[in-house]
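The file work_18.cif contains mmCIF, C-alpha atoms and all ligand atoms:
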```cif
data_upload
loop_
_atom_site.group_PDB
_atom_site.id
_atom_site.type_symbol
_atom_site.label_atom_id
_atom_site.label_comp_id
_atom_site.auth_asym_id
_atom_site.auth_seq_id
_atom_site.Cartn_x
_atom_site.Cartn_y
_atom_site.Cartn_z
ATOM 1 C CA SER A 1 67.925 1.224 -111.068
ATOM 2 C CA ILE A 2 69.901 3.910 -109.326
ATOM 3 C CA GLY A 3 71.359 4.587 -105.893
ATOM 4 C CA PHE A 4 71.956 7.793 -103.952
ATOM 5 C CA ILE A 5 74.164 8.191 -100.901
ATOM 6 C CA ASN A 6 74.897 11.402 -99.028
ATOM 7 C CA GLY A 7 74.725 13.684 -102.026
ATOM 8 C CA GLN A 8 75.941 11.394 -104.796
ATOM 9 C CA PHE A 9 74.303 9.164 -107.359
ATOM 10 C CA ILE A 10 75.869 5.720 -107.618
ATOM 11 C CA GLU A 11 75.292 2.336 -109.154
ATOM 12 C CA ILE A 12 72.824 0.510 -107.000
ATOM 13 C CA ASN A 13 75.131 -2.219 -105.727
ATOM 14 C CA GLN A 14 78.342 -0.248 -105.524
ATOM 15 C CA ALA A 15 80.073 -0.907 -102.178
ATOM 16 C CA VAL A 16 79.646 2.336 -100.288
ATOM 17 C CA ILE A 17 78.608 1.590 -96.710
ATOM 18 C CA PRO A 18 81.505 1.614 -94.212
ATOM 19 C CA ILE A 19 81.392 -1.336 -91.809
ATOM 20 C CA GLU A 20 80.846 1.006 -88.899
ATOM 21 C CA GLU A 21 77.769 2.626 -90.356
ATOM 22 C CA ARG A 22 75.104 2.466 -87.648
ATOM 23 C CA GLY A 23 72.323 1.394 -89.968
ATOM 24 C CA HIS A 24 74.481 -1.540 -90.967
ATOM 25 C CA GLN A 25 75.603 -2.477 -87.453
ATOM 26 C CA PHE A 26 72.618 -1.583 -85.271
ATOM 27 C CA GLY A 27 69.717 -1.030 -87.646
ATOM 28 C CA ASP A 28 69.897 2.449 -86.127
ATOM 29 C CA GLY A 29 67.728 4.293 -88.597
ATOM 30 C CA VAL A 30 64.363 4.822 -90.229
ATOM 31 C CA TYR A 31 63.042 4.450 -93.759
ATOM 32 C CA GLU A 32 60.294 5.062 -96.282
ATOM 33 C CA PHE A 33 59.012 3.293 -99.335
ATOM 34 C CA VAL A 34 57.177 5.179 -102.083
ATOM 35 C CA LYS A 35 55.663 3.915 -105.320
ATOM 36 C CA VAL A 36 56.027 5.826 -108.545
ATOM 37 C CA TYR A 37 53.236 5.602 -111.112
ATOM 38 C CA ASN A 38 53.727 7.158 -114.514
ATOM 39 C CA SER A 39 56.812 9.063 -113.214
ATOM 40 C CA VAL A 40 54.886 10.564 -110.276
ATOM 41 C CA PRO A 41 55.676 9.489 -106.684
ATOM 42 C CA PHE A 42 52.297 8.779 -105.062
ATOM 43 C CA LEU A 43 51.602 10.579 -101.754
ATOM 44 C CA LEU A 44 55.259 11.629 -101.551
ATOM 45 C CA GLU A 45 54.752 14.432 -99.044
ATOM 46 C CA GLU A 46 52.908 12.122 -96.678
ATOM 47 C CA HIS A 47 55.820 9.674 -96.819
ATOM 48 C CA ILE A 48 58.425 12.384 -96.267
ATOM 49 C CA ASN A 49 56.464 13.769 -93.324
ATOM 50 C CA ARG A 50 56.321 10.291 -91.813
ATOM 51 C CA LEU A 51 60.091 9.915 -92.286
ATOM 52 C CA GLU A 52 60.573 13.074 -90.279
ATOM 53 C CA LYS A 53 58.310 11.764 -87.513
ATOM 54 C CA SER A 54 60.086 8.405 -87.458
ATOM 55 C CA ALA A 55 63.477 10.123 -87.310
ATOM 56 C CA ALA A 56 62.320 12.415 -84.502
ATOM 57 C CA GLY A 57 61.004 9.314 -82.703
ATOM 58 C CA ILE A 58 64.546 7.977 -82.347
ATOM 59 C CA ASP A 59 66.297 11.370 -82.096
ATOM 60 C CA ILE A 60 67.843 11.374 -85.543
ATOM 61 C CA LYS A 61 68.191 14.756 -87.163
ATOM 62 C CA LEU A 62 67.702 14.337 -90.907
ATOM 63 C CA PRO A 63 70.657 15.585 -92.981
ATOM 64 C CA TYR A 64 68.289 17.349 -95.392
ATOM 65 C CA SER A 65 65.194 19.493 -95.112
ATOM 66 C CA LEU A 66 61.912 17.909 -96.184
ATOM 67 C CA GLY A 67 61.964 20.066 -99.305
ATOM 68 C CA GLU A 68 65.463 18.863 -100.146
ATOM 69 C CA ILE A 69 64.411 15.242 -99.704
ATOM 70 C CA LYS A 70 61.493 15.829 -102.028
ATOM 71 C CA ALA A 71 63.843 17.309 -104.621
ATOM 72 C CA ILE A 72 66.269 14.383 -104.263
ATOM 73 C CA VAL A 73 63.461 11.853 -104.723
ATOM 74 C CA ILE A 74 62.196 13.626 -107.825
ATOM 75 C CA GLU A 75 65.650 14.024 -109.322
ATOM 76 C CA SER A 76 66.449 10.365 -108.617
ATOM 77 C CA ILE A 77 63.300 9.200 -110.378
ATOM 78 C CA LYS A 78 64.218 11.348 -113.371
ATOM 79 C CA LYS A 79 67.778 10.012 -113.410
ATOM 80 C CA SER A 80 66.564 6.410 -113.206
ATOM 81 C CA GLY A 81 64.564 6.856 -116.391
ATOM 82 C CA LEU A 82 61.842 4.676 -114.857
ATOM 83 C CA LYS A 83 58.150 5.474 -115.139
ATOM 84 C CA ASP A 84 56.854 2.805 -112.804
ATOM 85 C CA ALA A 85 59.250 2.511 -109.939
ATOM 86 C CA GLU A 86 59.690 2.050 -106.243
ATOM 87 C CA VAL A 87 61.757 4.472 -104.226
ATOM 88 C CA TYR A 88 63.295 3.357 -100.951
ATOM 89 C CA PHE A 89 65.049 5.875 -98.718
ATOM 90 C CA GLN A 90 66.502 5.710 -95.279
ATOM 91 C CA ALA A 91 68.256 7.863 -92.743
ATOM 92 C CA THR A 92 70.646 6.394 -90.197
ATOM 93 C CA ARG A 93 72.510 7.863 -87.244
ATOM 94 C CA GLY A 94 75.669 7.936 -89.318
ATOM 95 C CA ILE A 95 79.163 6.504 -89.239
ATOM 96 C CA ALA A 96 81.130 6.182 -86.003
ATOM 97 C CA PRO A 97 83.232 3.629 -84.096
ATOM 98 C CA ARG A 98 80.864 0.952 -82.826
ATOM 99 C CA ASN A 99 79.438 1.990 -79.478
ATOM 100 C CA HIS A 100 75.816 1.865 -78.378
ATOM 101 C CA ALA A 101 75.724 5.478 -77.148
ATOM 102 C CA PHE A 102 74.830 8.104 -79.768
ATOM 103 C CA PRO A 103 77.893 9.490 -81.576
ATOM 104 C CA ASP A 104 78.270 13.168 -82.385
ATOM 105 C CA VAL A 105 78.227 12.767 -86.160
ATOM 106 C CA SER A 106 75.789 13.749 -88.847
ATOM 107 C CA SER A 107 73.193 11.303 -90.092
ATOM 108 C CA SER A 108 73.388 9.448 -93.409
ATOM 109 C CA PHE A 109 70.777 9.420 -96.153
ATOM 110 C CA THR A 110 70.576 6.745 -98.832
ATOM 111 C CA LEU A 111 68.032 6.056 -101.527
ATOM 112 C CA THR A 112 67.340 3.598 -104.313
ATOM 113 C CA VAL A 113 65.028 3.734 -107.299
ATOM 114 C CA LYS A 114 64.165 0.413 -108.887
ATOM 115 C CA PRO A 115 61.559 -0.914 -111.312
ATOM 116 C CA SER A 116 58.231 -1.608 -109.592
ATOM 117 C CA ARG A 117 57.576 -5.161 -108.549
ATOM 118 C CA LYS A 118 54.060 -6.178 -109.483
ATOM 119 C CA VAL A 119 51.687 -8.177 -107.331
ATOM 120 C CA PRO A 120 50.180 -10.871 -109.586
ATOM 121 C CA LYS A 121 46.751 -9.910 -110.938
ATOM 122 C CA GLN A 122 45.460 -13.213 -109.665
ATOM 123 C CA SER A 123 46.121 -12.122 -106.068
ATOM 124 C CA TYR A 124 43.745 -9.186 -106.537
ATOM 125 C CA GLU A 125 41.137 -11.352 -108.230
ATOM 126 C CA GLU A 126 41.262 -14.260 -105.824
ATOM 127 C CA GLY A 127 42.542 -12.704 -102.633
ATOM 128 C CA ILE A 128 45.499 -13.788 -100.544
ATOM 129 C CA ASP A 129 45.932 -16.366 -97.824
ATOM 130 C CA THR A 130 47.171 -15.264 -94.433
ATOM 131 C CA ILE A 131 48.068 -16.725 -91.052
ATOM 132 C CA LEU A 132 47.766 -15.311 -87.569
ATOM 133 C CA LEU A 133 50.944 -15.005 -85.526
ATOM 134 C CA GLU A 134 51.847 -13.544 -82.163
ATOM 135 C CA ASP A 135 53.121 -9.962 -82.545
ATOM 136 C CA GLU A 136 56.636 -10.155 -81.135
ATOM 137 C CA ARG A 137 57.692 -6.616 -82.019
ATOM 138 C CA TRP A 138 58.775 -3.792 -79.733
ATOM 139 C CA GLY A 139 56.665 -1.046 -78.163
ATOM 140 C CA ARG A 140 57.222 1.647 -80.807
ATOM 141 C CA CYS A 141 55.790 0.176 -83.979
ATOM 142 C CA HIS A 142 54.569 3.643 -85.046
ATOM 143 C CA ILE A 143 58.220 4.347 -85.939
ATOM 144 C CA LYS A 144 59.202 2.991 -89.356
ATOM 145 C CA SER A 145 62.461 1.626 -88.040
ATOM 146 C CA LEU A 146 65.077 -0.389 -89.924
ATOM 147 C CA ASN A 147 64.784 -3.101 -87.288
ATOM 148 C CA LEU A 148 62.534 -5.589 -89.046
ATOM 149 C CA LEU A 149 63.601 -8.970 -87.665
ATOM 150 C CA PRO A 150 60.225 -9.914 -86.137
ATOM 151 C CA ASN A 151 58.487 -8.781 -89.339
ATOM 152 C CA ILE A 152 60.872 -10.770 -91.528
ATOM 153 C CA LEU A 153 60.609 -13.921 -89.418
ATOM 154 C CA ALA A 154 56.801 -13.746 -89.386
ATOM 155 C CA LYS A 155 56.671 -13.105 -93.142
ATOM 156 C CA HIS A 156 58.940 -16.081 -93.730
ATOM 157 C CA GLN A 157 56.758 -18.325 -91.595
ATOM 158 C CA ALA A 158 53.742 -17.199 -93.606
ATOM 159 C CA ALA A 159 55.511 -17.715 -96.926
ATOM 160 C CA LYS A 160 56.706 -21.213 -95.965
ATOM 161 C CA GLY A 161 53.076 -22.282 -95.758
ATOM 162 C CA GLY A 162 52.170 -20.610 -99.049
ATOM 163 C CA ASN A 163 50.649 -17.538 -97.387
ATOM 164 C CA PHE A 164 51.166 -13.985 -98.589
ATOM 165 C CA GLU A 165 51.074 -12.240 -95.233
ATOM 166 C CA ALA A 166 51.148 -12.885 -91.491
ATOM 167 C CA ILE A 167 48.591 -10.963 -89.466
ATOM 168 C CA LEU A 168 49.967 -10.101 -86.056
ATOM 169 C CA VAL A 169 48.074 -10.426 -82.795
ATOM 170 C CA LYS A 170 49.028 -8.652 -79.580
ATOM 171 C CA ASP A 171 47.214 -9.175 -76.261
ATOM 172 C CA GLY A 172 44.319 -10.829 -78.086
ATOM 173 C CA TYR A 173 43.827 -8.109 -80.723
ATOM 174 C CA VAL A 174 44.893 -7.792 -84.356
ATOM 175 C CA THR A 175 47.551 -5.120 -84.763
ATOM 176 C CA GLU A 176 48.593 -5.199 -88.441
ATOM 177 C CA GLY A 177 50.400 -7.307 -91.041
ATOM 178 C CA THR A 178 54.192 -7.649 -91.172
ATOM 179 C CA SER A 179 54.246 -4.948 -93.855
ATOM 180 C CA SER A 180 50.621 -3.895 -94.156
ATOM 181 C CA ASN A 181 47.594 -2.605 -92.263
ATOM 182 C CA VAL A 182 44.504 -4.759 -91.851
ATOM 183 C CA PHE A 183 40.880 -3.810 -92.581
ATOM 184 C CA VAL A 184 37.650 -5.703 -91.990
ATOM 185 C CA VAL A 185 34.177 -5.112 -93.426
ATOM 186 C CA LYS A 186 31.211 -6.293 -91.354
ATOM 187 C CA ASN A 187 27.616 -5.387 -92.183
ATOM 188 C CA GLY A 188 28.860 -2.690 -94.547
ATOM 189 C CA VAL A 189 30.992 -0.986 -91.898
ATOM 190 C CA LEU A 190 34.755 -0.694 -92.319
ATOM 191 C CA TYR A 191 36.944 -1.461 -89.305
ATOM 192 C CA THR A 192 40.647 -0.977 -88.801
ATOM 193 C CA THR A 193 42.983 -0.968 -85.824
ATOM 194 C CA PRO A 194 43.314 2.496 -84.234
ATOM 195 C CA LEU A 195 46.592 4.393 -84.380
ATOM 196 C CA THR A 196 48.692 3.685 -81.315
ATOM 197 C CA SER A 197 52.348 2.830 -80.850
ATOM 198 C CA ASN A 198 51.325 -0.770 -81.696
ATOM 199 C CA ILE A 199 51.028 -0.110 -85.428
ATOM 200 C CA LEU A 200 52.481 1.924 -88.239
ATOM 201 C CA ALA A 201 50.300 4.797 -89.415
ATOM 202 C CA GLY A 202 50.045 3.509 -92.985
ATOM 203 C CA ILE A 203 49.876 6.180 -95.666
ATOM 204 C CA THR A 204 47.595 3.860 -97.642
ATOM 205 C CA ARG A 205 45.482 3.245 -94.518
ATOM 206 C CA GLU A 206 44.944 6.994 -94.139
ATOM 207 C CA ALA A 207 44.059 7.390 -97.813
ATOM 208 C CA ILE A 208 41.554 4.516 -97.565
ATOM 209 C CA LEU A 209 39.814 6.042 -94.539
ATOM 210 C CA LYS A 210 39.380 9.303 -96.457
ATOM 211 C CA LEU A 211 38.142 7.488 -99.556
ATOM 212 C CA ALA A 212 35.676 5.507 -97.440
ATOM 213 C CA GLU A 213 34.273 8.735 -96.093
ATOM 214 C CA SER A 214 33.927 10.155 -99.601
ATOM 215 C CA ALA A 215 32.037 7.003 -100.625
ATOM 216 C CA ASN A 216 29.765 7.148 -97.564
ATOM 217 C CA VAL A 217 31.229 3.963 -96.146
ATOM 218 C CA VAL A 218 31.160 4.265 -92.370
ATOM 219 C CA SER A 219 34.550 3.478 -90.873
ATOM 220 C CA ILE A 220 35.435 2.758 -87.285
ATOM 221 C CA GLU A 221 38.967 2.739 -85.890
ATOM 222 C CA LYS A 222 38.650 0.179 -83.149
ATOM 223 C CA LYS A 223 40.566 -2.789 -81.800
ATOM 224 C CA PHE A 224 39.262 -6.134 -83.059
ATOM 225 C CA THR A 225 39.992 -9.753 -82.262
ATOM 226 C CA PRO A 226 41.136 -12.535 -84.618
ATOM 227 C CA GLU A 227 37.625 -14.008 -84.212
ATOM 228 C CA PHE A 228 36.071 -10.767 -85.480
ATOM 229 C CA LEU A 229 38.414 -10.923 -88.466
ATOM 230 C CA SER A 230 37.574 -14.572 -89.176
ATOM 231 C CA GLU A 231 33.845 -13.842 -89.034
ATOM 232 C CA ALA A 232 34.088 -10.752 -91.260
ATOM 233 C CA ASP A 233 32.147 -10.344 -94.502
ATOM 234 C CA GLU A 234 35.284 -8.991 -96.161
ATOM 235 C CA ALA A 235 38.862 -8.285 -95.163
ATOM 236 C CA PHE A 236 41.879 -6.782 -96.875
ATOM 237 C CA ILE A 237 45.398 -5.586 -96.271
ATOM 238 C CA SER A 238 46.770 -2.234 -97.393
ATOM 239 C CA SER A 239 50.226 -0.907 -98.107
ATOM 240 C CA THR A 240 52.143 1.235 -100.522
ATOM 241 C CA SER A 241 53.365 -1.821 -102.387
ATOM 242 C CA VAL A 242 50.116 -3.821 -102.625
ATOM 243 C CA GLU A 243 47.574 -0.947 -102.428
ATOM 244 C CA ILE A 244 44.503 -2.968 -101.372
ATOM 245 C CA LEU A 245 44.714 -6.738 -101.456
ATOM 246 C CA PRO A 246 41.680 -8.837 -100.504
ATOM 247 C CA ILE A 247 42.177 -11.528 -97.873
ATOM 248 C CA ARG A 248 40.758 -14.870 -98.992
ATOM 249 C CA ALA A 249 41.560 -16.857 -95.891
ATOM 250 C CA VAL A 250 42.962 -16.560 -92.391
ATOM 251 C CA ASN A 251 44.518 -19.734 -91.003
ATOM 252 C CA GLN A 252 42.896 -21.587 -93.928
ATOM 253 C CA GLN A 253 39.433 -20.392 -92.939
ATOM 254 C CA LEU A 254 37.681 -18.484 -95.730
ATOM 255 C CA ILE A 255 36.591 -14.896 -95.147
ATOM 256 C CA GLY A 256 32.956 -14.520 -96.216
ATOM 257 C CA ASN A 257 32.469 -16.581 -99.359
ATOM 258 C CA GLY A 258 36.202 -16.494 -100.052
ATOM 259 C CA LYS A 259 35.823 -13.949 -102.869
ATOM 260 C CA PRO A 260 36.920 -10.296 -102.804
ATOM 261 C CA GLY A 261 33.998 -8.287 -101.425
ATOM 262 C CA GLU A 262 32.188 -5.337 -102.953
ATOM 263 C CA THR A 263 33.395 -2.749 -100.430
ATOM 264 C CA THR A 264 36.971 -3.955 -100.891
ATOM 265 C CA LYS A 265 36.646 -3.617 -104.675
ATOM 266 C CA THR A 266 35.005 -0.192 -104.407
ATOM 267 C CA LEU A 267 37.780 1.115 -102.160
ATOM 268 C CA HIS A 268 40.482 -0.292 -104.416
ATOM 269 C CA ASN A 269 38.886 1.351 -107.455
ATOM 270 C CA LEU A 270 38.763 4.657 -105.598
ATOM 271 C CA LEU A 271 42.402 4.303 -104.575
ATOM 272 C CA CYS A 272 43.377 3.608 -108.197
ATOM 273 C CA LYS A 273 41.457 6.717 -109.268
ATOM 274 C CA LEU A 274 43.210 8.831 -106.644
ATOM 275 C CA ARG A 275 46.560 7.463 -107.843
ATOM 276 C CA ASP A 276 45.760 7.982 -111.523
ATOM 277 C CA GLY A 277 44.448 11.468 -110.733
ATOM 278 C CA SER A 278 47.812 12.285 -109.173
ATOM 279 C CA PHE A 279 49.495 12.195 -112.580
ATOM 280 C CA ALA A 280 46.579 13.102 -114.848
ATOM 281 C CA SER A 281 46.725 16.527 -116.576
HETATM 282 N N1 LIG A 301 52.507 -1.640 -91.338
HETATM 283 C C1 LIG A 301 53.784 -2.011 -91.478
HETATM 284 C C2 LIG A 301 54.455 -2.734 -90.360
HETATM 285 C C3 LIG A 301 54.482 -1.721 -92.666
HETATM 286 O O1 LIG A 301 55.765 -2.076 -92.803
HETATM 287 C C4 LIG A 301 53.798 -1.055 -93.716
HETATM 288 C C5 LIG A 301 54.460 -0.732 -94.990
HETATM 289 O O2 LIG A 301 55.439 -1.288 -95.373
HETATM 290 C C6 LIG A 301 52.467 -0.710 -93.536
HETATM 291 C C7 LIG A 301 51.855 -0.998 -92.324
HETATM 292 C C8 LIG A 301 51.699 0.024 -94.611
HETATM 293 O O3 LIG A 301 52.102 1.356 -94.666
HETATM 294 P P1 LIG A 301 52.019 2.220 -95.996
HETATM 295 O O4 LIG A 301 50.581 2.193 -96.426
HETATM 296 O O5 LIG A 301 52.455 3.575 -95.574
HETATM 297 O O6 LIG A 301 52.911 1.581 -96.987
#
```

As structure tokens, what does this structure read like?
Ligand code: PLP
Amino acid sequence: SIGFINGQFIEINQAVIPIEERGHQFGDGVYEFVKVYNSVPFLLEEHINRLEKSAAGIDIKLPYSLGEIKAIVIESIKKSGLKDAEVYFQATRGIAPRNHAFPDVSSSFTLTVKPSRKVPKQSYEEGIDTILLEDERWGRCHIKSLNLLPNILAKHQAAKGGNFEAILVKDGYVTEGTSSNVFVVKNGVLYTTPLTSNILAGITREAILKLAESANVVSIEKKFTPEFLSEADEAFISSTSVEILPIRAVNQQLIGNGKPGETTKTLHNLLCKLRDGSFAS
């Protein structure tokens, strides 16, 4: 594992954040999470572009150009010596005496590279259990903000009951998971929540929609209710860390026959091929 802060490589848990760093005190920043397979960061440019959008969404000017961030990520992976890794990076509004109003200081950029955590194989084979919870987040969920309290609390509530993920519901419609997007398959058609400020534009979500098109799976971006989800033939969550993970049950009610569905498996295979193609040759 390795850390990077404002131009320097450090040991990952070295004490380097001043108390009055705004990410630390206010959660005043944005982040990205990228997986590295066989030394290659998957869909890195997409993640860096989203970081820029998130930063712009809260008026943070990144301290580096997108090209510089790309170079830092690649150098950090090299320095870590890891082949299968996860890279986390964040930009915050910087260090200034605590005051809500924006300070006139430059932003901070930190990054870690750590060994990849693996989702148990069994979760892919059997699917995961989920619960439905009220979406208590703010109105700008398209920004990948450091403020994750509602996500953390919902995830904890799910985990307490032995569930892998909480699926959030706002005004009667499914938005997304606490750290994932949600997909449903019904009569061979793929459904997912449309991009609005209610959800994060998942990089994996986007890749899946393209793969679906390439496999002639019709996809529809449309709001759907928890009932529609419960009555689906198949359902899955997607994210950088889990890729595609079949949903076995929602609130203890099985989806379909409770087994990962064919469309889900097809899309996951295609995603794995895309990933493996990214470092082949
Ligand atoms: N939605 C939320 C709230 C997330 O935190 C994440 C990722 O952590 C996702 C969706 C999935 O996004 P991605 O596929 O870019 O990892």

(request) Can you turn the PyMOL selection byres (((not hetatm)) within 7 of (chain A and resi 301)) into a concrete residue list for this file, as a PyMOL selection string? (result) chain A and resi 33+176-181+199-205+238-241

(message) Under the rule that all atoms listed in the file are counted, which of A:Gln122, A:Gly127, A:Ala166, A:Ala154 is the nearest residue to Glu234 (chain A)?
(response)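 Looking at the shortest contact to Glu234 (chain A), the residue is A:Gly127.
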
(message) Running the PyMOL selection byres (((chain A and resi 215-225) around 6) and not hetatm) on this model by hand, what would come out? Give it as an NGL selection string.
(response) :A and (173-174 or 189-194 or 212-214 or 226-228)

(request) Can you give me, as an MDAnalysis selection string, the residues this file yields under the PyMOL selection byres (((chain A and resi 51) around 10) and not hetatm)? (result) chainID A and resid 30:33 45:50 52:57 62 66 89:91 143:145

(message) Considering all atoms listed in the file, can you say which of A:Ser123, A:Gly3, A:Gly258, A:Val73 comes closest to Ala15 (chain A)?
(response)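 Of A:Ser123, A:Gly3, A:Gly258, A:Val73, the one nearest Ala15 (chain A) is A:Gly3, counting all atoms listed in the file.
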
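Of the residues under consideration (A:Asn198, A:Thr112, A:Thr264, A:Thr92), A:Asn198 shows the shortest atom-to-atom contact distance to Cys141 (chain A) when counting all atoms listed in the file.
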
(request) Using CA of Arg98 (chain A) and CA of Ile69 (chain A) as the two end points, give the distance in Å to one decimal. (result)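 That distance, rounded to one decimal, is 27.6 Å.
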
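Counting from CA of Ser230 (chain A), the distance to CA of Ile131 (chain A) is 10.9 Å.
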
With 9 Å as the cut-off and only C-alpha atoms counted, what is the closest atom pair between each nearby residue of region 55-125 of chain A and region 242-254 of chain A? Distances in Å to one decimal, ordered by chain and number, as a tab-separated table.
```
residue	atom	partner	partner_atom	distance
A:Lys118	CA	A:Val242	CA	8.3
A:Val119	CA	A:Val242	CA	6.6
A:Ser123	CA	A:Leu245	CA	7.2
A:Tyr124	CA	A:Leu245	CA	5.7
A:Glu125	CA	A:Pro246	CA	8.1
```

(message) Ranking A:Val87, A:Ile255, A:Ala101, A:Leu195 by minimum distance to Phe236 (chain A) and counting all atoms listed in the file, which one comes first?
(response)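 Ranking A:Val87, A:Ile255, A:Ala101, A:Leu195 by distance to Phe236 (chain A), first place goes to A:Ile255.
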
(request) Would you mind telling me which residue in A:Leu229, A:Leu209, A:Ile167, A:Val36 lies nearest to Thr130 (chain A) when using all atoms listed in the file? (result)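 Selected residue with least distance to Thr130 (chain A): A:Ile167.
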
(request) Please indicate the distance in Å from CA of Gly23 (chain A) to CA of Ser106 (chain A), rounded to one decimal place. (result) 12.9 Å

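Closest approach to Asn6 (chain A) from the set A:Gly139, A:Pro63, A:Val113, A:Asn269 is made by A:Pro63, with distances taken over only C-alpha atoms.
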
(message) Please return as a PyMOL selection string every residue within 10 Å of (74.7, 14.6, -102.6), taking into account all atoms listed in the file and the file's own coordinates.
(response) chain A and resi 4-9+72+109-110
